[in-house]
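Visitor: Input data-v7.cif, format and content: mmCIF, N, CA and C atoms and all ligand atoms.
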```cif
data_upload
loop_
_atom_site.label_atom_id
_atom_site.label_comp_id
_atom_site.auth_asym_id
_atom_site.auth_seq_id
_atom_site.Cartn_x
_atom_site.Cartn_y
_atom_site.Cartn_z
N MET A 6 -85.35 -38.81 227.05
CA MET A 6 -86.74 -39.12 226.70
C MET A 6 -86.87 -40.63 226.45
N THR A 7 -87.92 -41.19 227.00
CA THR A 7 -88.20 -42.58 226.69
C THR A 7 -89.57 -42.66 226.05
N VAL A 8 -89.74 -43.60 225.19
CA VAL A 8 -91.01 -43.73 224.49
C VAL A 8 -91.72 -44.98 225.00
N SER A 9 -92.97 -44.78 225.32
CA SER A 9 -93.78 -45.89 225.83
C SER A 9 -93.94 -46.97 224.76
N GLU A 10 -93.98 -48.22 225.18
CA GLU A 10 -94.16 -49.34 224.26
C GLU A 10 -95.59 -49.36 223.72
N ASP A 11 -96.51 -48.87 224.53
CA ASP A 11 -97.92 -48.94 224.20
C ASP A 11 -98.29 -47.74 223.31
N SER A 12 -98.57 -48.00 222.05
CA SER A 12 -98.77 -46.91 221.10
C SER A 12 -100.11 -46.19 221.30
N THR A 13 -100.99 -46.74 222.15
CA THR A 13 -102.26 -46.05 222.40
C THR A 13 -102.09 -44.99 223.48
N ARG A 14 -100.93 -44.99 224.15
CA ARG A 14 -100.65 -43.95 225.15
C ARG A 14 -99.58 -43.01 224.65
N LYS A 15 -99.72 -41.74 224.99
CA LYS A 15 -98.74 -40.77 224.52
C LYS A 15 -97.43 -40.93 225.28
N PRO A 16 -96.32 -40.86 224.56
CA PRO A 16 -95.03 -40.93 225.25
C PRO A 16 -94.84 -39.72 226.14
N LEU A 17 -94.32 -39.92 227.33
CA LEU A 17 -94.06 -38.81 228.25
C LEU A 17 -92.55 -38.67 228.45
N PRO A 18 -92.11 -37.44 228.65
CA PRO A 18 -90.69 -37.25 228.91
C PRO A 18 -90.28 -37.86 230.25
N ALA A 19 -89.05 -38.35 230.33
CA ALA A 19 -88.51 -38.88 231.58
C ALA A 19 -87.40 -37.96 232.06
N PRO A 20 -87.64 -37.15 233.09
CA PRO A 20 -86.62 -36.21 233.57
C PRO A 20 -85.35 -36.94 234.00
N ASP A 21 -84.18 -36.38 233.68
CA ASP A 21 -82.92 -36.92 234.18
C ASP A 21 -82.22 -35.82 234.98
N ALA A 22 -80.96 -36.05 235.37
CA ALA A 22 -80.27 -35.11 236.25
C ALA A 22 -80.19 -33.70 235.65
N ASP A 23 -79.95 -33.61 234.33
CA ASP A 23 -79.83 -32.30 233.70
C ASP A 23 -81.17 -31.57 233.60
N THR A 24 -82.25 -32.31 233.52
CA THR A 24 -83.54 -31.69 233.23
C THR A 24 -84.52 -31.69 234.42
N ALA A 25 -84.11 -32.27 235.57
CA ALA A 25 -85.03 -32.39 236.70
C ALA A 25 -85.57 -31.03 237.15
N ALA A 26 -84.69 -30.02 237.23
CA ALA A 26 -85.11 -28.70 237.69
C ALA A 26 -86.12 -28.09 236.71
N PHE A 27 -85.88 -28.33 235.42
CA PHE A 27 -86.77 -27.83 234.38
C PHE A 27 -88.18 -28.39 234.55
N TRP A 28 -88.27 -29.69 234.74
CA TRP A 28 -89.59 -30.33 234.87
C TRP A 28 -90.27 -29.95 236.17
N ARG A 29 -89.48 -29.78 237.23
CA ARG A 29 -90.04 -29.34 238.50
C ARG A 29 -90.61 -27.92 238.36
N GLY A 30 -89.89 -27.08 237.63
CA GLY A 30 -90.35 -25.71 237.37
C GLY A 30 -91.70 -25.70 236.68
N LEU A 31 -91.85 -26.55 235.69
CA LEU A 31 -93.12 -26.60 234.95
C LEU A 31 -94.27 -26.99 235.87
N GLN A 32 -94.00 -27.92 236.81
CA GLN A 32 -95.05 -28.31 237.75
C GLN A 32 -95.50 -27.13 238.59
N HIS A 33 -94.62 -26.14 238.75
CA HIS A 33 -94.95 -24.95 239.53
C HIS A 33 -95.28 -23.76 238.64
N GLY A 34 -95.57 -24.04 237.36
CA GLY A 34 -96.01 -22.96 236.48
C GLY A 34 -94.90 -22.05 236.00
N LYS A 35 -93.67 -22.59 235.94
CA LYS A 35 -92.54 -21.78 235.46
C LYS A 35 -91.80 -22.53 234.37
N LEU A 36 -91.52 -21.83 233.28
CA LEU A 36 -90.65 -22.39 232.27
C LEU A 36 -89.26 -21.84 232.53
N LEU A 37 -88.36 -22.72 232.96
CA LEU A 37 -87.01 -22.25 233.31
C LEU A 37 -86.11 -22.25 232.09
N LEU A 38 -85.44 -21.12 231.90
CA LEU A 38 -84.43 -21.02 230.85
C LEU A 38 -83.07 -20.97 231.52
N GLN A 39 -82.06 -21.45 230.81
CA GLN A 39 -80.70 -21.39 231.36
C GLN A 39 -80.00 -20.13 230.84
N HIS A 40 -79.57 -19.29 231.77
CA HIS A 40 -78.83 -18.08 231.42
C HIS A 40 -77.37 -18.29 231.76
N CYS A 41 -76.49 -18.00 230.79
CA CYS A 41 -75.06 -18.15 231.02
C CYS A 41 -74.51 -16.90 231.71
N ARG A 42 -73.81 -17.10 232.82
CA ARG A 42 -73.25 -15.95 233.53
C ARG A 42 -72.03 -15.38 232.81
N GLN A 43 -71.40 -16.18 231.96
CA GLN A 43 -70.20 -15.73 231.25
C GLN A 43 -70.53 -14.88 230.02
N CYS A 44 -71.38 -15.42 229.14
CA CYS A 44 -71.59 -14.73 227.85
C CYS A 44 -73.03 -14.24 227.68
N HIS A 45 -73.88 -14.49 228.67
CA HIS A 45 -75.28 -14.04 228.66
C HIS A 45 -76.15 -14.72 227.61
N HIS A 46 -75.66 -15.81 227.06
CA HIS A 46 -76.48 -16.61 226.15
C HIS A 46 -77.64 -17.22 226.96
N VAL A 47 -78.79 -17.32 226.33
CA VAL A 47 -79.95 -17.94 226.98
C VAL A 47 -80.32 -19.18 226.19
N GLN A 48 -80.45 -20.31 226.88
CA GLN A 48 -80.83 -21.52 226.16
C GLN A 48 -82.05 -22.18 226.79
N TYR A 49 -82.83 -22.79 225.91
CA TYR A 49 -84.05 -23.45 226.35
C TYR A 49 -83.74 -24.90 226.70
N TYR A 50 -83.07 -25.59 225.77
CA TYR A 50 -82.82 -27.00 225.99
C TYR A 50 -81.80 -27.17 227.12
N GLN A 51 -82.18 -27.89 228.16
CA GLN A 51 -81.36 -27.99 229.37
C GLN A 51 -80.13 -28.86 229.15
N GLN A 52 -78.98 -28.32 229.44
CA GLN A 52 -77.76 -29.13 229.42
C GLN A 52 -76.78 -28.58 230.44
N ALA A 53 -75.67 -29.29 230.63
CA ALA A 53 -74.74 -28.95 231.71
C ALA A 53 -73.89 -27.72 231.40
N THR A 54 -73.72 -27.40 230.12
CA THR A 54 -72.85 -26.29 229.75
C THR A 54 -73.52 -25.37 228.73
N CYS A 55 -72.99 -24.16 228.62
CA CYS A 55 -73.49 -23.18 227.66
C CYS A 55 -73.15 -23.62 226.24
N ARG A 56 -74.12 -23.54 225.33
CA ARG A 56 -73.86 -23.95 223.95
C ARG A 56 -73.01 -22.91 223.21
N GLU A 57 -72.97 -21.69 223.69
CA GLU A 57 -72.18 -20.65 223.03
C GLU A 57 -70.72 -20.69 223.45
N CYS A 58 -70.47 -20.71 224.78
CA CYS A 58 -69.08 -20.54 225.24
C CYS A 58 -68.57 -21.73 226.05
N GLY A 59 -69.42 -22.71 226.32
CA GLY A 59 -68.96 -23.91 227.03
C GLY A 59 -68.88 -23.76 228.54
N SER A 60 -69.21 -22.58 229.06
CA SER A 60 -69.16 -22.36 230.51
C SER A 60 -70.20 -23.23 231.22
N ASP A 61 -69.88 -23.63 232.46
CA ASP A 61 -70.89 -24.37 233.22
C ASP A 61 -71.57 -23.46 234.24
N GLU A 62 -71.33 -22.17 234.13
CA GLU A 62 -71.97 -21.23 235.05
C GLU A 62 -73.34 -20.82 234.51
N LEU A 63 -74.27 -21.76 234.63
CA LEU A 63 -75.60 -21.53 234.12
C LEU A 63 -76.55 -21.31 235.28
N GLU A 64 -77.50 -20.45 235.05
CA GLU A 64 -78.43 -20.08 236.09
C GLU A 64 -79.84 -20.23 235.52
N HIS A 65 -80.73 -20.84 236.31
CA HIS A 65 -82.13 -20.98 235.86
C HIS A 65 -82.91 -19.72 236.19
N ARG A 66 -83.60 -19.19 235.17
CA ARG A 66 -84.52 -18.09 235.44
C ARG A 66 -85.82 -18.37 234.70
N PRO A 67 -86.95 -18.07 235.34
CA PRO A 67 -88.22 -18.33 234.67
C PRO A 67 -88.43 -17.41 233.46
N ALA A 68 -88.96 -17.97 232.39
CA ALA A 68 -89.28 -17.19 231.20
C ALA A 68 -90.50 -16.32 231.49
N THR A 69 -90.59 -15.21 230.74
CA THR A 69 -91.79 -14.37 230.89
C THR A 69 -93.02 -15.09 230.37
N GLY A 70 -92.80 -16.06 229.48
CA GLY A 70 -93.93 -16.79 228.91
C GLY A 70 -94.46 -16.17 227.64
N ARG A 71 -93.85 -15.06 227.23
CA ARG A 71 -94.31 -14.43 225.99
C ARG A 71 -93.46 -14.89 224.82
N GLY A 72 -94.11 -14.98 223.66
CA GLY A 72 -93.37 -15.36 222.47
C GLY A 72 -94.16 -15.08 221.22
N LYS A 73 -93.51 -15.35 220.08
CA LYS A 73 -94.14 -15.16 218.78
C LYS A 73 -93.98 -16.42 217.96
N VAL A 74 -94.98 -16.69 217.12
CA VAL A 74 -94.90 -17.85 216.24
C VAL A 74 -93.89 -17.56 215.14
N HIS A 75 -92.80 -18.32 215.12
CA HIS A 75 -91.78 -18.14 214.10
C HIS A 75 -92.13 -18.98 212.88
N SER A 76 -92.67 -20.16 213.15
CA SER A 76 -93.05 -21.07 212.07
C SER A 76 -94.08 -22.03 212.65
N PHE A 77 -94.85 -22.68 211.82
CA PHE A 77 -95.84 -23.64 212.34
C PHE A 77 -96.25 -24.61 211.25
N SER A 78 -96.84 -25.71 211.67
CA SER A 78 -97.50 -26.59 210.71
C SER A 78 -98.69 -27.21 211.39
N VAL A 79 -99.69 -27.53 210.61
CA VAL A 79 -100.90 -28.13 211.15
C VAL A 79 -100.88 -29.62 210.84
N VAL A 80 -101.01 -30.41 211.91
CA VAL A 80 -100.97 -31.86 211.77
C VAL A 80 -102.40 -32.38 211.57
N HIS A 81 -102.61 -33.03 210.44
CA HIS A 81 -103.94 -33.59 210.15
C HIS A 81 -103.99 -35.10 210.33
N ARG A 82 -102.81 -35.73 210.22
CA ARG A 82 -102.75 -37.19 210.38
C ARG A 82 -102.01 -37.51 211.66
N ALA A 83 -102.67 -38.17 212.59
CA ALA A 83 -102.08 -38.47 213.89
C ALA A 83 -100.81 -39.30 213.72
N PRO A 84 -99.72 -38.95 214.46
CA PRO A 84 -98.49 -39.74 214.38
C PRO A 84 -98.62 -41.11 215.04
N GLY A 85 -99.70 -41.35 215.77
CA GLY A 85 -99.94 -42.65 216.39
C GLY A 85 -101.34 -42.66 216.96
N PRO A 86 -101.83 -43.84 217.36
CA PRO A 86 -103.21 -43.95 217.86
C PRO A 86 -103.51 -43.00 219.03
N ALA A 87 -102.51 -42.74 219.87
CA ALA A 87 -102.74 -41.90 221.06
C ALA A 87 -103.08 -40.47 220.69
N PHE A 88 -102.75 -40.05 219.46
CA PHE A 88 -102.95 -38.66 219.07
C PHE A 88 -104.18 -38.46 218.20
N LYS A 89 -104.91 -39.56 217.95
CA LYS A 89 -106.05 -39.50 217.03
C LYS A 89 -107.08 -38.46 217.42
N ALA A 90 -107.37 -38.36 218.71
CA ALA A 90 -108.41 -37.44 219.16
C ALA A 90 -107.97 -35.98 219.06
N ASP A 91 -106.66 -35.74 218.88
CA ASP A 91 -106.14 -34.37 218.90
C ASP A 91 -106.15 -33.69 217.53
N VAL A 92 -106.14 -34.46 216.45
CA VAL A 92 -106.01 -33.85 215.12
C VAL A 92 -107.30 -33.16 214.70
N PRO A 93 -107.23 -32.08 213.91
CA PRO A 93 -105.99 -31.40 213.55
C PRO A 93 -105.48 -30.54 214.70
N TYR A 94 -104.15 -30.44 214.83
CA TYR A 94 -103.58 -29.53 215.82
C TYR A 94 -102.36 -28.83 215.22
N ALA A 95 -102.03 -27.69 215.80
CA ALA A 95 -100.93 -26.89 215.26
C ALA A 95 -99.67 -27.11 216.09
N VAL A 96 -98.59 -27.44 215.39
CA VAL A 96 -97.27 -27.52 216.02
C VAL A 96 -96.56 -26.20 215.72
N LEU A 97 -96.12 -25.53 216.78
CA LEU A 97 -95.54 -24.20 216.64
C LEU A 97 -94.05 -24.22 216.93
N LEU A 98 -93.31 -23.44 216.14
CA LEU A 98 -91.95 -23.10 216.53
C LEU A 98 -92.04 -21.67 217.06
N VAL A 99 -91.91 -21.53 218.37
CA VAL A 99 -92.11 -20.23 219.02
C VAL A 99 -90.77 -19.61 219.37
N GLU A 100 -90.62 -18.34 219.02
CA GLU A 100 -89.46 -17.60 219.49
C GLU A 100 -89.84 -16.91 220.78
N LEU A 101 -89.22 -17.34 221.88
CA LEU A 101 -89.52 -16.75 223.18
C LEU A 101 -88.98 -15.32 223.26
N ALA A 102 -89.60 -14.50 224.10
CA ALA A 102 -89.16 -13.12 224.27
C ALA A 102 -87.68 -13.06 224.65
N GLU A 103 -87.17 -14.10 225.36
CA GLU A 103 -85.77 -14.13 225.79
C GLU A 103 -84.82 -14.56 224.67
N GLY A 104 -85.38 -15.02 223.54
CA GLY A 104 -84.51 -15.38 222.42
C GLY A 104 -84.57 -16.82 221.96
N PRO A 105 -84.54 -17.81 222.89
CA PRO A 105 -84.53 -19.19 222.42
C PRO A 105 -85.82 -19.55 221.68
N ARG A 106 -85.71 -20.52 220.79
CA ARG A 106 -86.89 -21.02 220.10
C ARG A 106 -87.24 -22.39 220.65
N MET A 107 -88.52 -22.65 220.75
CA MET A 107 -88.94 -23.97 221.21
C MET A 107 -90.15 -24.44 220.43
N ILE A 108 -90.28 -25.76 220.36
CA ILE A 108 -91.38 -26.37 219.63
C ILE A 108 -92.42 -26.87 220.62
N SER A 109 -93.67 -26.53 220.40
CA SER A 109 -94.74 -27.13 221.18
C SER A 109 -96.04 -27.00 220.41
N THR A 110 -97.13 -27.32 221.06
CA THR A 110 -98.41 -27.29 220.35
C THR A 110 -99.29 -26.18 220.89
N LEU A 111 -100.22 -25.77 220.04
CA LEU A 111 -101.17 -24.71 220.38
C LEU A 111 -102.37 -25.34 221.08
N ILE A 112 -102.85 -24.67 222.12
CA ILE A 112 -104.11 -25.09 222.73
C ILE A 112 -105.05 -23.90 222.76
N GLY A 113 -106.33 -24.19 222.83
CA GLY A 113 -107.31 -23.14 223.08
C GLY A 113 -107.80 -22.36 221.87
N SER A 114 -107.22 -22.58 220.68
CA SER A 114 -107.82 -21.97 219.50
C SER A 114 -107.71 -22.90 218.31
N ASP A 115 -108.42 -22.53 217.27
CA ASP A 115 -108.48 -23.33 216.06
C ASP A 115 -107.12 -23.25 215.35
N PRO A 116 -106.55 -24.40 214.95
CA PRO A 116 -105.25 -24.36 214.24
C PRO A 116 -105.30 -23.50 212.98
N LYS A 117 -106.50 -23.35 212.40
CA LYS A 117 -106.64 -22.52 211.19
C LYS A 117 -106.30 -21.06 211.44
N ASP A 118 -106.42 -20.62 212.71
CA ASP A 118 -106.22 -19.21 213.04
C ASP A 118 -104.75 -18.83 213.26
N VAL A 119 -103.86 -19.82 213.23
CA VAL A 119 -102.45 -19.52 213.50
C VAL A 119 -101.84 -18.75 212.33
N THR A 120 -101.09 -17.71 212.65
CA THR A 120 -100.39 -16.95 211.62
C THR A 120 -98.92 -16.77 212.05
N PHE A 121 -98.09 -16.47 211.07
CA PHE A 121 -96.70 -16.13 211.39
C PHE A 121 -96.68 -14.87 212.24
N ASP A 122 -95.79 -14.83 213.22
CA ASP A 122 -95.64 -13.66 214.10
C ASP A 122 -96.78 -13.45 215.08
N MET A 123 -97.71 -14.40 215.13
CA MET A 123 -98.80 -14.30 216.11
C MET A 123 -98.21 -14.30 217.53
N ASP A 124 -98.75 -13.43 218.38
CA ASP A 124 -98.30 -13.41 219.78
C ASP A 124 -98.93 -14.59 220.53
N VAL A 125 -98.08 -15.29 221.25
CA VAL A 125 -98.57 -16.42 222.05
C VAL A 125 -98.03 -16.30 223.47
N GLU A 126 -98.68 -17.01 224.37
CA GLU A 126 -98.17 -17.07 225.74
C GLU A 126 -98.18 -18.51 226.21
N LEU A 127 -97.30 -18.79 227.15
CA LEU A 127 -97.18 -20.14 227.67
C LEU A 127 -98.43 -20.57 228.41
N ALA A 128 -98.75 -21.85 228.28
CA ALA A 128 -99.83 -22.44 229.06
C ALA A 128 -99.26 -23.75 229.61
N PHE A 129 -99.67 -24.09 230.79
CA PHE A 129 -99.11 -25.28 231.44
C PHE A 129 -100.15 -26.38 231.46
N ASP A 130 -99.80 -27.50 230.85
CA ASP A 130 -100.74 -28.59 230.66
C ASP A 130 -100.27 -29.78 231.49
N GLN A 131 -100.94 -30.00 232.61
CA GLN A 131 -100.55 -31.11 233.49
C GLN A 131 -101.07 -32.42 232.91
N VAL A 132 -100.17 -33.27 232.44
CA VAL A 132 -100.58 -34.50 231.78
C VAL A 132 -100.45 -35.74 232.67
N SER A 133 -99.70 -35.61 233.77
CA SER A 133 -99.63 -36.72 234.73
C SER A 133 -99.26 -36.11 236.08
N ASP A 134 -99.15 -36.95 237.11
CA ASP A 134 -98.80 -36.44 238.44
C ASP A 134 -97.42 -35.77 238.44
N HIS A 135 -96.54 -36.21 237.54
CA HIS A 135 -95.16 -35.75 237.58
C HIS A 135 -94.77 -34.85 236.41
N ILE A 136 -95.60 -34.86 235.38
CA ILE A 136 -95.22 -34.14 234.16
C ILE A 136 -96.25 -33.09 233.79
N THR A 137 -95.76 -31.87 233.65
CA THR A 137 -96.55 -30.78 233.10
C THR A 137 -95.83 -30.33 231.83
N LEU A 138 -96.58 -30.25 230.73
CA LEU A 138 -95.95 -29.88 229.46
C LEU A 138 -96.19 -28.41 229.15
N PRO A 139 -95.16 -27.74 228.61
CA PRO A 139 -95.35 -26.36 228.19
C PRO A 139 -96.04 -26.31 226.83
N ARG A 140 -97.17 -25.60 226.75
CA ARG A 140 -97.84 -25.43 225.46
C ARG A 140 -98.08 -23.94 225.30
N PHE A 141 -98.72 -23.57 224.18
CA PHE A 141 -98.94 -22.15 223.94
C PHE A 141 -100.40 -21.90 223.61
N ARG A 142 -100.87 -20.71 224.03
CA ARG A 142 -102.18 -20.25 223.57
C ARG A 142 -102.00 -18.85 222.99
N LYS A 143 -102.99 -18.47 222.18
CA LYS A 143 -102.98 -17.15 221.57
C LYS A 143 -102.97 -16.11 222.67
N ALA A 144 -102.10 -15.08 222.56
CA ALA A 144 -102.00 -14.07 223.62
C ALA A 144 -103.10 -13.03 223.47
ZN ZN B 1 -71.96 -18.81 227.66
#
```
Show me this structure written as structure tokens.
Guide:
Amino acid sequence: MTVSEDSTRKPLPAPDADTAAFWRGLQHGKLLLQHCRQCHHVQYYQQATCRECGSDELEHRPATGRGKVHSFSVVHRAPGPAFKADVPYAVLLVELAEGPRMISTLIGSDPKDVTFDMDVELAFDQVSDHITLPRFRKA
């Protein structure tokens, strides 16, 4: 990840060799999870080896897109000028149906309506020609 020098623009992720397939998947409306062929561990954060057993036999499979809110917080103070128009917004820790947890933001409903265990589904937010971000909406 690289952070833009210009604080009025939102920082965008910079795909590298380990994460290129993941970002390409998002552009095509798929959130790819890494499934370990050795121990069947499923991981969200893309890396070269399994975090459970160290195997490099990882396979990308698209997530169903379903999940539940495990935890959340509502941001009222923008972390920088680029986020001023977004507040208040809800940052969610979502437990995906496949098991991994991921952090993203809620779109499409009022942050006040978020509850623990709320069902959410993935939404794909194209923020530039090359980057689509995974977000969540109420299911
Ligand atoms: Zn493994």
Visitor: Can you work out the spacing between atom N of Arg82 in chain A and atom N of Ser114 in chain A in Å, to one decimal?
Guide: 17.4 Å
Visitor: Give the answer as one residue: which of A:Lys15, A:Lys117, A:Arg42, A:Arg142 has the shortest atom-to-atom distance to Asp61 in chain A, using all atoms listed in the file?
Guide: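 With all atoms listed in the file as the atom set, the closest residue is A:Arg42.
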Visitor: Set the cut-off to 7 Å, count only C-alpha atoms and all ligand atoms, and list whatever residues fall near ligand ZN 1 (chain B) as number ranges by chain.
Guide: A: 41-46, 55-60
Visitor: Just to confirm, what's the straight-line distance from CA of Val96 in chain A to CA of Ala22 in chain A in Å (one decimal)?
Guide: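 Taking CA of Val96 in chain A as the start and CA of Ala22 in chain A as the end point, the length is 27.5 Å.
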Visitor: Grab the atom C of Tyr94 in chain A to atom C of Ile112 in chain A distance for me, in Å with one decimal place.
Guide: 9.4 Å
Visitor: Quick one: everything within 7 Å of Ala87 in chain A, counting only C-alpha atoms, minus sequence neighbours fewer than 4 positions away in the same chain. Send it as number ranges by chain.
Guide: A: 12-15
Visitor: Using only N, CA and C atoms, which protein or nucleic acid residues come within 8 Å of Ser76 in chain A? Drop anything in the same chain fewer than 3 positions from it, and give the result as a list in words.
Guide: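 Surrounding residues, per the criterion: Lys73, Val96, Leu97, Leu98, Val99, Glu100, Thr120, Phe121, Asp122 and Met123 of chain A.
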Visitor: Looking at only N, CA and C atoms, which of A:Ala144, A:Thr110, A:Pro139, A:Ser78 is the one that sits closest to Leu31 in chain A?
Guide: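 Result for the nearest residue to Leu31 in chain A: A:Pro139.
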Visitor: Which parts of range 43-104 of chain A does DSSP call strand (DSSP E or B) when run on the backbone here, written out as a VMD selection string?
Guide: chain A and resid 47 to 48 63 to 67 71 to 80 94 to 101
Visitor: Keeping N, CA and C atoms, export the residues of the selection given above as an mmCIF file, in the frame of the given file.
Guide:
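For reference, part30.cif as written:
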```cif
data_model
loop_
_atom_site.group_PDB
_atom_site.id
_atom_site.type_symbol
_atom_site.label_atom_id
_atom_site.label_comp_id
_atom_site.auth_asym_id
_atom_site.auth_seq_id
_atom_site.Cartn_x
_atom_site.Cartn_y
_atom_site.Cartn_z
ATOM 1 N N VAL A 47 -78.790 -17.320 226.330
ATOM 2 C CA VAL A 47 -79.950 -17.940 226.980
ATOM 3 C C VAL A 47 -80.320 -19.180 226.190
ATOM 4 N N GLN A 48 -80.450 -20.310 226.880
ATOM 5 C CA GLN A 48 -80.830 -21.520 226.160
ATOM 6 C C GLN A 48 -82.050 -22.180 226.790
ATOM 7 N N LEU A 63 -74.270 -21.760 234.630
ATOM 8 C CA LEU A 63 -75.600 -21.530 234.120
ATOM 9 C C LEU A 63 -76.550 -21.310 235.280
ATOM 10 N N GLU A 64 -77.500 -20.450 235.050
ATOM 11 C CA GLU A 64 -78.430 -20.080 236.090
ATOM 12 C C GLU A 64 -79.840 -20.230 235.520
ATOM 13 N N HIS A 65 -80.730 -20.840 236.310
ATOM 14 C CA HIS A 65 -82.130 -20.980 235.860
ATOM 15 C C HIS A 65 -82.910 -19.720 236.190
ATOM 16 N N ARG A 66 -83.600 -19.190 235.170
ATOM 17 C CA ARG A 66 -84.520 -18.090 235.440
ATOM 18 C C ARG A 66 -85.820 -18.370 234.700
ATOM 19 N N PRO A 67 -86.950 -18.070 235.340
ATOM 20 C CA PRO A 67 -88.220 -18.330 234.670
ATOM 21 C C PRO A 67 -88.430 -17.410 233.460
ATOM 22 N N ARG A 71 -93.850 -15.060 227.230
ATOM 23 C CA ARG A 71 -94.310 -14.430 225.990
ATOM 24 C C ARG A 71 -93.460 -14.890 224.820
ATOM 25 N N GLY A 72 -94.110 -14.980 223.660
ATOM 26 C CA GLY A 72 -93.370 -15.360 222.470
ATOM 27 C C GLY A 72 -94.160 -15.080 221.220
ATOM 28 N N LYS A 73 -93.510 -15.350 220.080
ATOM 29 C CA LYS A 73 -94.140 -15.160 218.780
ATOM 30 C C LYS A 73 -93.980 -16.420 217.960
ATOM 31 N N VAL A 74 -94.980 -16.690 217.120
ATOM 32 C CA VAL A 74 -94.900 -17.850 216.240
ATOM 33 C C VAL A 74 -93.890 -17.560 215.140
ATOM 34 N N HIS A 75 -92.800 -18.320 215.120
ATOM 35 C CA HIS A 75 -91.780 -18.140 214.100
ATOM 36 C C HIS A 75 -92.130 -18.980 212.880
ATOM 37 N N SER A 76 -92.670 -20.160 213.150
ATOM 38 C CA SER A 76 -93.050 -21.070 212.070
ATOM 39 C C SER A 76 -94.080 -22.030 212.650
ATOM 40 N N PHE A 77 -94.850 -22.680 211.820
ATOM 41 C CA PHE A 77 -95.840 -23.640 212.340
ATOM 42 C C PHE A 77 -96.250 -24.610 211.250
ATOM 43 N N SER A 78 -96.840 -25.710 211.670
ATOM 44 C CA SER A 78 -97.500 -26.590 210.710
ATOM 45 C C SER A 78 -98.690 -27.210 211.390
ATOM 46 N N VAL A 79 -99.690 -27.530 210.610
ATOM 47 C CA VAL A 79 -100.900 -28.130 211.150
ATOM 48 C C VAL A 79 -100.880 -29.620 210.840
ATOM 49 N N VAL A 80 -101.010 -30.410 211.910
ATOM 50 C CA VAL A 80 -100.970 -31.860 211.770
ATOM 51 C C VAL A 80 -102.400 -32.380 211.570
ATOM 52 N N TYR A 94 -104.150 -30.440 214.830
ATOM 53 C CA TYR A 94 -103.580 -29.530 215.820
ATOM 54 C C TYR A 94 -102.360 -28.830 215.220
ATOM 55 N N ALA A 95 -102.030 -27.690 215.800
ATOM 56 C CA ALA A 95 -100.930 -26.890 215.260
ATOM 57 C C ALA A 95 -99.670 -27.110 216.090
ATOM 58 N N VAL A 96 -98.590 -27.440 215.390
ATOM 59 C CA VAL A 96 -97.270 -27.520 216.020
ATOM 60 C C VAL A 96 -96.560 -26.200 215.720
ATOM 61 N N LEU A 97 -96.120 -25.530 216.780
ATOM 62 C CA LEU A 97 -95.540 -24.200 216.640
ATOM 63 C C LEU A 97 -94.050 -24.220 216.930
ATOM 64 N N LEU A 98 -93.310 -23.440 216.140
ATOM 65 C CA LEU A 98 -91.950 -23.100 216.530
ATOM 66 C C LEU A 98 -92.040 -21.670 217.060
ATOM 67 N N VAL A 99 -91.910 -21.530 218.370
ATOM 68 C CA VAL A 99 -92.110 -20.230 219.020
ATOM 69 C C VAL A 99 -90.770 -19.610 219.370
ATOM 70 N N GLU A 100 -90.620 -18.340 219.020
ATOM 71 C CA GLU A 100 -89.460 -17.600 219.490
ATOM 72 C C GLU A 100 -89.840 -16.910 220.780
ATOM 73 N N LEU A 101 -89.220 -17.340 221.880
ATOM 74 C CA LEU A 101 -89.520 -16.750 223.180
ATOM 75 C C LEU A 101 -88.980 -15.320 223.260
#
```
Visitor: Using all atoms listed in the file, determine which residues lie at most 8 Å from Lys35 in chain A, disregarding the query and same-chain residues fewer than 5 positions distant; provide the list as an NGL selection string.
Guide: :A and (27-30 or 66-68 or 129)
Visitor: May I have the centre and edge lengths, in Å to one decimal, of an axis-aligned box around the listed atoms of range 119-138 of chain A with 3 Å added to every side, as lines of an AutoDock Vina configuration file?
Guide:
```
center_x = -99.3
center_y = -25.2
center_z = 224.8
size_x = 15.1
size_y = 29.5
size_z = 33.4
```
Visitor: Could you pull out all residues of chain A with a DSSP call of alpha helix (DSSP H) and give them as a PyMOL selection string?
Guide: chain A and resi 25-32
Visitor: Which is closest to Val80 in chain A among A:Val92, A:Leu63, A:Ala128, A:Ile108, if we use all atoms listed in the file?
Guide: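 Of A:Val92, A:Leu63, A:Ala128, A:Ile108, the one nearest Val80 in chain A, counting all atoms listed in the file, is A:Val92.
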